[in-house]
$ cat structure04.pdb   # PDB, C-alpha atoms
ATOM      1  CA  MET R  10       7.409   1.989 -15.161  1.00  0.00           C
ATOM      2  CA  SER R  11       8.661   1.875 -18.702  1.00  0.00           C
ATOM      3  CA  PHE R  12       9.754  -0.699 -18.843  1.00  0.00           C
ATOM      4  CA  CYS R  13      10.786  -4.181 -18.866  1.00  0.00           C
ATOM      5  CA  SER R  14      14.005  -5.780 -19.831  1.00  0.00           C
ATOM      6  CA  PHE R  15      13.446  -9.144 -21.460  1.00  0.00           C
ATOM      7  CA  PHE R  16      16.917 -10.223 -20.363  1.00  0.00           C
ATOM      8  CA  ASP R  17      17.410  -8.849 -16.847  1.00  0.00           C
ATOM      9  CA  GLY R  18      13.951  -9.489 -15.377  1.00  0.00           C
ATOM     10  CA  GLU R  19      11.401  -6.968 -14.209  1.00  0.00           C
ATOM     11  CA  VAL R  20      12.131  -5.474 -10.788  1.00  0.00           C
ATOM     12  CA  TYR R  21       8.517  -4.495 -10.004  1.00  0.00           C
ATOM     13  CA  LYS R  22       6.829  -7.834 -10.795  1.00  0.00           C
ATOM     14  CA  ASP R  23       7.073  -9.100  -7.197  1.00  0.00           C
ATOM     15  CA  HIS R  24       7.129  -5.672  -5.556  1.00  0.00           C
ATOM     16  CA  PHE R  25       3.986  -5.256  -3.413  1.00  0.00           C
ATOM     17  CA  LYS R  26       4.841  -2.362  -1.092  1.00  0.00           C
ATOM     18  CA  PRO R  27       2.200   0.415  -0.884  1.00  0.00           C
ATOM     19  CA  GLY R  28       2.715   3.215  -3.351  1.00  0.00           C
ATOM     20  CA  MET R  29       2.107   4.608  -6.787  1.00  0.00           C
ATOM     21  CA  TYR R  30       3.555   3.502 -10.117  1.00  0.00           C
ATOM     22  CA  VAL R  31       4.419   6.416 -12.399  1.00  0.00           C
ATOM     23  CA  CYS R  32       5.624   6.802 -15.968  1.00  0.00           C
ATOM     24  CA  SER R  33       9.422   6.597 -16.131  1.00  0.00           C
ATOM     25  CA  GLN R  34       9.527   9.412 -18.692  1.00  0.00           C
ATOM     26  CA  CYS R  35       7.247  12.084 -17.174  1.00  0.00           C
ATOM     27  CA  ASN R  36       6.232  10.873 -13.677  1.00  0.00           C
ATOM     28  CA  ASN R  37       2.536  10.793 -14.623  1.00  0.00           C
ATOM     29  CA  PRO R  38       0.666   8.695 -11.989  1.00  0.00           C
ATOM     30  CA  LEU R  39      -0.490   5.467 -13.668  1.00  0.00           C
ATOM     31  CA  PHE R  40      -1.350   2.698 -11.193  1.00  0.00           C
ATOM     32  CA  SER R  41      -1.818   2.312  -7.448  1.00  0.00           C
ATOM     33  CA  SER R  42      -0.321  -0.622  -5.576  1.00  0.00           C
ATOM     34  CA  ARG R  43      -3.898  -1.335  -4.411  1.00  0.00           C
ATOM     35  CA  SER R  44      -4.777  -2.462  -7.969  1.00  0.00           C
ATOM     36  CA  LYS R  45      -1.678  -4.691  -8.329  1.00  0.00           C
ATOM     37  CA  PHE R  46      -2.036  -8.476  -8.207  1.00  0.00           C
ATOM     38  CA  PRO R  47       0.218 -11.513  -8.652  1.00  0.00           C
ATOM     39  CA  HIS R  48       0.182 -12.928 -12.186  1.00  0.00           C
ATOM     40  CA  SER R  49       2.147 -15.537 -14.114  1.00  0.00           C
ATOM     41  CA  SER R  50       3.361 -13.003 -16.699  1.00  0.00           C
ATOM     42  CA  PRO R  51       6.918 -11.681 -16.250  1.00  0.00           C
ATOM     43  CA  TRP R  52       5.614  -8.111 -15.731  1.00  0.00           C
ATOM     44  CA  PRO R  53       3.678  -6.300 -13.012  1.00  0.00           C
ATOM     45  CA  ALA R  54      -0.107  -6.738 -13.321  1.00  0.00           C
ATOM     46  CA  PHE R  55      -2.799  -4.202 -12.408  1.00  0.00           C
ATOM     47  CA  THR R  56      -6.598  -4.191 -12.615  1.00  0.00           C
ATOM     48  CA  GLU R  57      -7.128  -0.459 -13.144  1.00  0.00           C
ATOM     49  CA  THR R  58      -5.441   2.890 -13.671  1.00  0.00           C
ATOM     50  CA  ILE R  59      -5.429   5.691 -11.098  1.00  0.00           C
ATOM     51  CA  LYS R  60      -7.563   7.933 -13.330  1.00  0.00           C
ATOM     52  CA  GLU R  61      -9.352   7.280 -16.588  1.00  0.00           C
ATOM     53  CA  ASP R  62      -6.947   9.610 -18.413  1.00  0.00           C
ATOM     54  CA  SER R  63      -3.792   8.178 -16.793  1.00  0.00           C
ATOM     55  CA  VAL R  64      -3.317   6.146 -19.965  1.00  0.00           C
ATOM     56  CA  THR R  65      -4.348   6.203 -23.608  1.00  0.00           C
ATOM     57  CA  LYS R  66      -5.476   2.921 -25.130  1.00  0.00           C
ATOM     58  CA  MET R  67      -5.530   1.821 -28.772  1.00  0.00           C
ATOM     59  CA  MET R  68      -7.292  -1.391 -29.794  1.00  0.00           C
ATOM     60  CA  GLU R  69      -4.933  -4.019 -31.216  1.00  0.00           C
ATOM     61  CA  SER R  70      -7.363  -6.941 -31.167  1.00  0.00           C
ATOM     62  CA  LEU R  71     -10.680  -7.898 -29.595  1.00  0.00           C
ATOM     63  CA  THR R  72      -8.813  -8.925 -26.443  1.00  0.00           C
ATOM     64  CA  ALA R  73      -5.884  -6.485 -26.254  1.00  0.00           C
ATOM     65  CA  PHE R  74      -5.276  -2.738 -26.217  1.00  0.00           C
ATOM     66  CA  LYS R  75      -1.903  -1.014 -26.646  1.00  0.00           C
ATOM     67  CA  VAL R  76      -1.397   1.204 -23.564  1.00  0.00           C
ATOM     68  CA  LEU R  77       0.492   4.516 -23.597  1.00  0.00           C
ATOM     69  CA  CYS R  78       1.096   7.118 -20.917  1.00  0.00           C
ATOM     70  CA  GLY R  79      -1.821   9.548 -21.038  1.00  0.00           C
ATOM     71  CA  LYS R  80       0.526  12.509 -20.591  1.00  0.00           C
ATOM     72  CA  CYS R  81       3.614  11.856 -22.734  1.00  0.00           C
ATOM     73  CA  GLY R  82       2.667   8.874 -24.933  1.00  0.00           C
ATOM     74  CA  ASN R  83       5.389   6.584 -23.584  1.00  0.00           C
ATOM     75  CA  GLY R  84       4.659   2.908 -24.385  1.00  0.00           C
ATOM     76  CA  LEU R  85       3.592   0.951 -21.284  1.00  0.00           C
ATOM     77  CA  GLY R  86       2.485  -2.384 -22.683  1.00  0.00           C
ATOM     78  CA  HIS R  87      -1.030  -3.758 -23.061  1.00  0.00           C
ATOM     79  CA  GLU R  88      -4.406  -4.151 -21.420  1.00  0.00           C
ATOM     80  CA  PHE R  89      -5.664  -7.721 -21.783  1.00  0.00           C
ATOM     81  CA  VAL R  90      -9.449  -7.867 -21.650  1.00  0.00           C
ATOM     82  CA  ASN R  91     -10.913 -10.384 -19.184  1.00  0.00           C
ATOM     83  CA  ASP R  92      -7.474 -11.604 -18.049  1.00  0.00           C
ATOM     84  CA  GLY R  93      -7.572 -10.145 -14.536  1.00  0.00           C
ATOM     85  CA  PRO R  94      -7.832 -11.843 -11.147  1.00  0.00           C
ATOM     86  CA  GLU R  95     -11.634 -12.169 -11.433  1.00  0.00           C
ATOM     87  CA  GLU R  96     -14.031 -12.864 -14.280  1.00  0.00           C
ATOM     88  CA  GLY R  97     -14.783  -9.736 -16.321  1.00  0.00           C
ATOM     89  CA  ILE R  98     -11.717  -7.833 -15.022  1.00  0.00           C
ATOM     90  CA  SER R  99      -8.937  -6.783 -17.381  1.00  0.00           C
ATOM     91  CA  ARG R 100      -5.187  -6.925 -16.733  1.00  0.00           C
ATOM     92  CA  PHE R 101      -2.779  -4.087 -17.483  1.00  0.00           C
TER      93      PHE R 101
END

$ encode --input "structure04.pdb" --output "structure tokens"
Amino acid sequence: MSFCSFFDGEVYKDHFKPGMYVCSQCNNPLFSSRSKFPHSSPWPAFTETIKEDSVTKMMESLTAFKVLCGKCGNGLGHEFVNDGPEEGISRF
């Protein structure tokens, strides 16, 4: 799950088979396929993590948090506040 090539495309963006998304560096469980949803961004989109401590978040702005693996600190991208599939839901 870490991560995306800006040139080759992201292989998990349109992947919706049941399963678990784990950190590519340490296999820490991060997201369930049940929280995945289609989004216009070029990366996979999720509404929630498997556990609260699956990731570590650091505020970058009022609407975005930098997201790291909660186990090894590997960079995973961002959480965008209120940008999920429903009002009041964030997007990872």

$ atom_distance --input "structure04.pdb" --atom1 "CA of Gln34 (chain R)" --atom2 "CA of His48 (chain R)"
25.1 Å

$ closest_residue --input "structure04.pdb" --among "R:Ala73, R:Met68, R:Met29, R:Cys35" --to "His87 (chain R)" --atoms "only C-alpha atoms"
R:Ala73

$ residues_around --input "structure04.pdb" --residues "Phe46 (chain R)" --least-positions-apart "6" --cutoff "9 Å" --atoms "all atoms listed in the file" --output "list of chain:residue names"
R:Phe25, R:Pro53, R:Ala54, R:Phe55, R:Thr56, R:Gly93, R:Pro94

$ resolve_selection --input "structure04.pdb" --expression "the PyMOL selection byres ((chain R and resi 98) around 12)" --output "list in words"
Ser44, Phe46, Ala54, Phe55, Thr56, Glu57, Thr72, Glu88, Phe89, Val90, Asn91, Asp92, Gly93, Pro94, Glu95, Glu96, Gly97, Ser99, Arg100 and Phe101 of chain R

$ atom_distance --input "structure04.pdb" --atom1 "CA of Cys81 (chain R)" --atom2 "CA of Glu69 (chain R)"
19.9 Å

$ atom_distance --input "structure04.pdb" --atom1 "CA of Lys60 (chain R)" --atom2 "CA of Leu39 (chain R)"
7.5 Å

$ residues_around --input "structure04.pdb" --residues "Val31 (chain R)" --least-positions-apart "4" --cutoff "7 Å" --atoms "all atoms listed in the file" --output "list in words"
Met10, Asn36, Asn37, Pro38, Leu39 and Phe40 of chain R

$ resolve_selection --input "structure04.pdb" --expression "the PyMOL selection byres ((chain R and resi 76-78) around 7)" --output "PyMOL selection string"
chain R and resi 32+63-67+74-75+79-88

$ write_last_selection --input "structure04.pdb" --atoms "C-alpha atoms" --output "PDB file, in the coordinates of the input"
ATOM      1  CA  CYS R  32       5.624   6.802 -15.968  1.00  0.00           C
ATOM      2  CA  SER R  63      -3.792   8.178 -16.793  1.00  0.00           C
ATOM      3  CA  VAL R  64      -3.317   6.146 -19.965  1.00  0.00           C
ATOM      4  CA  THR R  65      -4.348   6.203 -23.608  1.00  0.00           C
ATOM      5  CA  LYS R  66      -5.476   2.921 -25.130  1.00  0.00           C
ATOM      6  CA  MET R  67      -5.530   1.821 -28.772  1.00  0.00           C
ATOM      7  CA  PHE R  74      -5.276  -2.738 -26.217  1.00  0.00           C
ATOM      8  CA  LYS R  75      -1.903  -1.014 -26.646  1.00  0.00           C
ATOM      9  CA  GLY R  79      -1.821   9.548 -21.038  1.00  0.00           C
ATOM     10  CA  LYS R  80       0.526  12.509 -20.591  1.00  0.00           C
ATOM     11  CA  CYS R  81       3.614  11.856 -22.734  1.00  0.00           C
ATOM     12  CA  GLY R  82       2.667   8.874 -24.933  1.00  0.00           C
ATOM     13  CA  ASN R  83       5.389   6.584 -23.584  1.00  0.00           C
ATOM     14  CA  GLY R  84       4.659   2.908 -24.385  1.00  0.00           C
ATOM     15  CA  LEU R  85       3.592   0.951 -21.284  1.00  0.00           C
ATOM     16  CA  GLY R  86       2.485  -2.384 -22.683  1.00  0.00           C
ATOM     17  CA  HIS R  87      -1.030  -3.758 -23.061  1.00  0.00           C
ATOM     18  CA  GLU R  88      -4.406  -4.151 -21.420  1.00  0.00           C
TER      19      GLU R  88
END

$ axis_aligned_box --input "structure04.pdb" --around "region 25-39 of chain R" --padding-each-side "6 Å" --output "JSON"
{"center_x": 4.5, "center_y": 3.4, "center_z": -9.8, "size_x": 22.0, "size_y": 29.3, "size_z": 29.8}

$ decode --input "structure04.pdb" --residues "region 30-51 of chain R" --atoms "C-alpha atoms" --output "PDB file, in the first residue's frame"
ATOM      1  CA  TYR R  30      -4.883  -3.425   2.647  1.00  0.00           C
ATOM      2  CA  VAL R  31      -1.600  -3.584   4.556  1.00  0.00           C
ATOM      3  CA  CYS R  32       1.535  -1.469   4.743  1.00  0.00           C
ATOM      4  CA  SER R  33       3.999  -2.480   2.023  1.00  0.00           C
ATOM      5  CA  GLN R  34       6.916  -2.120   4.443  1.00  0.00           C
ATOM      6  CA  CYS R  35       5.733  -4.012   7.552  1.00  0.00           C
ATOM      7  CA  ASN R  36       2.388  -5.678   6.676  1.00  0.00           C
ATOM      8  CA  ASN R  37       0.537  -3.695   9.360  1.00  0.00           C
ATOM      9  CA  PRO R  38      -3.239  -3.928   8.635  1.00  0.00           C
ATOM     10  CA  LEU R  39      -4.436  -0.473   7.537  1.00  0.00           C
ATOM     11  CA  PHE R  40      -7.767  -0.544   5.686  1.00  0.00           C
ATOM     12  CA  SER R  41     -10.533  -3.037   4.956  1.00  0.00           C
ATOM     13  CA  SER R  42     -12.046  -3.330   1.495  1.00  0.00           C
ATOM     14  CA  ARG R  43     -15.398  -2.648   3.215  1.00  0.00           C
ATOM     15  CA  SER R  44     -14.310   0.985   3.780  1.00  0.00           C
ATOM     16  CA  LYS R  45     -13.101   1.478   0.175  1.00  0.00           C
ATOM     17  CA  PHE R  46     -15.135   3.603  -2.236  1.00  0.00           C
ATOM     18  CA  PRO R  47     -14.792   4.888  -5.805  1.00  0.00           C
ATOM     19  CA  HIS R  48     -13.303   8.385  -6.024  1.00  0.00           C
ATOM     20  CA  SER R  49     -12.046  10.660  -8.786  1.00  0.00           C
ATOM     21  CA  SER R  50      -8.525  10.829  -7.319  1.00  0.00           C
ATOM     22  CA  PRO R  51      -5.893   8.582  -8.940  1.00  0.00           C
TER      23      PRO R  51
END
